[in-house]
file work_28.csv (CSV, C-alpha atoms)
chain,number,residue,atom,x,y,z
A,1,MET,CA,43.0,-13.7,6.9
A,2,ARG,CA,43.9,-16.4,9.3
A,3,LYS,CA,41.4,-18.3,11.5
A,4,VAL,CA,41.5,-17.9,15.3
A,5,LEU,CA,42.2,-21.2,17.0
A,6,ASP,CA,40.1,-22.6,19.9
A,7,ASP,CA,42.8,-22.1,22.5
A,8,GLU,CA,43.1,-18.5,21.3
A,9,ARG,CA,39.4,-18.0,21.7
A,10,SER,CA,39.6,-19.2,25.2
A,11,TYR,CA,42.5,-16.8,25.9
A,12,PHE,CA,40.5,-13.9,24.4
A,13,ARG,CA,37.5,-14.7,26.5
A,14,ILE,CA,39.6,-14.7,29.7
A,15,ARG,CA,41.2,-11.4,28.7
A,16,ALA,CA,37.8,-9.8,28.0
A,17,GLU,CA,36.6,-10.9,31.5
A,18,GLN,CA,39.8,-9.4,33.1
A,19,GLU,CA,39.3,-6.1,31.2
A,20,ILE,CA,35.7,-5.9,32.3
A,21,ARG,CA,36.7,-6.4,35.9
A,22,ALA,CA,39.4,-3.8,35.6
A,23,ALA,CA,36.9,-1.4,34.0
A,24,GLN,CA,34.5,-1.9,36.9
A,25,ALA,CA,37.3,-1.3,39.5
A,26,ALA,CA,38.7,1.8,37.7
A,27,SER,CA,38.5,5.0,39.6
A,28,HIS,CA,38.9,7.3,36.6
A,29,PRO,CA,36.3,7.4,33.8
A,30,GLU,CA,38.9,7.4,31.0
A,31,ALA,CA,40.6,4.3,32.5
A,32,ALA,CA,37.2,2.5,32.7
A,33,ARG,CA,36.5,3.5,29.1
A,34,ALA,CA,39.8,2.1,27.9
A,35,HIS,CA,39.3,-1.2,29.7
A,36,TYR,CA,35.8,-1.5,28.2
A,37,MET,CA,37.2,-0.8,24.7
A,38,MET,CA,39.9,-3.5,25.2
A,39,ALA,CA,37.2,-5.9,26.4
A,40,GLY,CA,35.2,-5.3,23.3
A,41,TYR,CA,38.3,-6.0,21.1
A,42,TYR,CA,38.9,-9.3,23.0
A,43,LEU,CA,35.3,-10.3,22.7
A,44,ASP,CA,35.4,-9.6,19.0
A,45,LEU,CA,38.4,-11.8,18.6
A,46,ALA,CA,36.9,-14.5,20.7
A,47,HIS,CA,33.6,-14.6,18.8
A,48,ASN,CA,34.6,-13.6,15.3
A,49,PRO,CA,36.9,-16.2,13.8
A,50,GLU,CA,37.9,-14.0,10.9
A,51,ALA,CA,39.0,-11.1,13.1
A,52,ALA,CA,42.7,-10.6,12.7
A,53,ALA,CA,43.1,-6.9,12.1
A,54,PRO,CA,44.6,-4.8,15.0
A,55,PRO,CA,42.3,-2.6,16.9
A,56,PRO,CA,42.1,1.1,15.8
A,57,PRO,CA,44.0,3.6,17.9
A,58,PHE,CA,42.4,5.3,20.8
A,59,PRO,CA,40.8,8.6,20.0
A,60,PRO,CA,42.7,11.7,21.1
A,61,ARG,CA,42.0,13.0,24.5
A,62,LEU,CA,39.4,15.7,24.4
A,63,GLN,CA,40.4,17.6,27.5
A,64,PRO,CA,43.7,17.4,29.4
A,65,VAL,CA,43.5,15.9,32.8
A,66,ARG,CA,44.4,18.5,35.4
A,67,GLN,CA,46.6,17.5,38.2
A,68,ALA,CA,46.4,19.2,41.6
A,69,LYS,CA,49.5,21.2,42.4
A,70,PRO,CA,50.7,21.1,46.0
A,71,ASP,CA,50.7,24.4,47.8
A,72,PHE,CA,54.1,24.8,49.5
A,73,ARG,CA,53.8,27.8,51.8
A,74,PRO,CA,56.1,28.1,54.7
A,75,VAL,CA,54.5,27.4,58.0
A,76,GLN,CA,55.2,30.0,60.7
A,77,VAL,CA,55.9,28.5,64.1
A,78,ALA,CA,55.6,30.5,67.3
A,79,ALA,CA,58.9,31.0,69.2
A,80,SER,CA,57.3,29.6,72.3
A,81,ALA,CA,56.6,26.3,70.5
A,82,VAL,CA,60.2,25.9,69.5
A,83,ALA,CA,61.5,26.6,73.0
A,84,ALA,CA,59.3,24.0,74.6
call {"tool": "encode", "arguments": {"input": "work_28.csv", "output": "structure tokens"}}
result
Amino acid sequence: MRKVLDDERSYFRIRAEQEIRAAQAASHPEAARAHYMMAGYYLDLAHNPEAAAPPPPFPPRLQPVRQAKPDFRPVQVAASAVAA
């Protein structure tokens, strides 16, 4: 394993801080979780000079995120409103 250099440690600390700020600003819980996980990986790299292995993959999503479907119903307009 290779050693992490001092300038790399500083970079990893900065990236961890950015990920923590992004997690705190995230509006979706899964996004916040992903940012906190990345912050943890960066902190591990910053404080563990022997850490050189890539992070494990994210776990599979347990439940699909449901997206709202727009309701496109035609709007009826009164004839008097059109003539005005």
call {"tool": "atom_distance", "arguments": {"input": "work_28.csv", "atom1": "atom CA of A:His35", "atom2": "atom CA of A:His47"}}
result
18.2 Å
call {"tool": "atom_distance", "arguments": {"input": "work_28.csv", "atom1": "atom CA of A:Arg33", "atom2": "atom CA of A:Arg15"}}
result
15.6 Å
call {"tool": "closest_residue", "arguments": {"input": "work_28.csv", "among": "A:Ala46, A:Ala34, A:Asp6, A:Ala39", "to": "A:Ile20", "atoms": "all atoms listed in the file"}}
result
A:Ala39
call {"tool": "atom_distance", "arguments": {"input": "work_28.csv", "atom1": "atom CA of A:Ser27", "atom2": "atom CA of A:Ser10"}}
result
28.2 Å
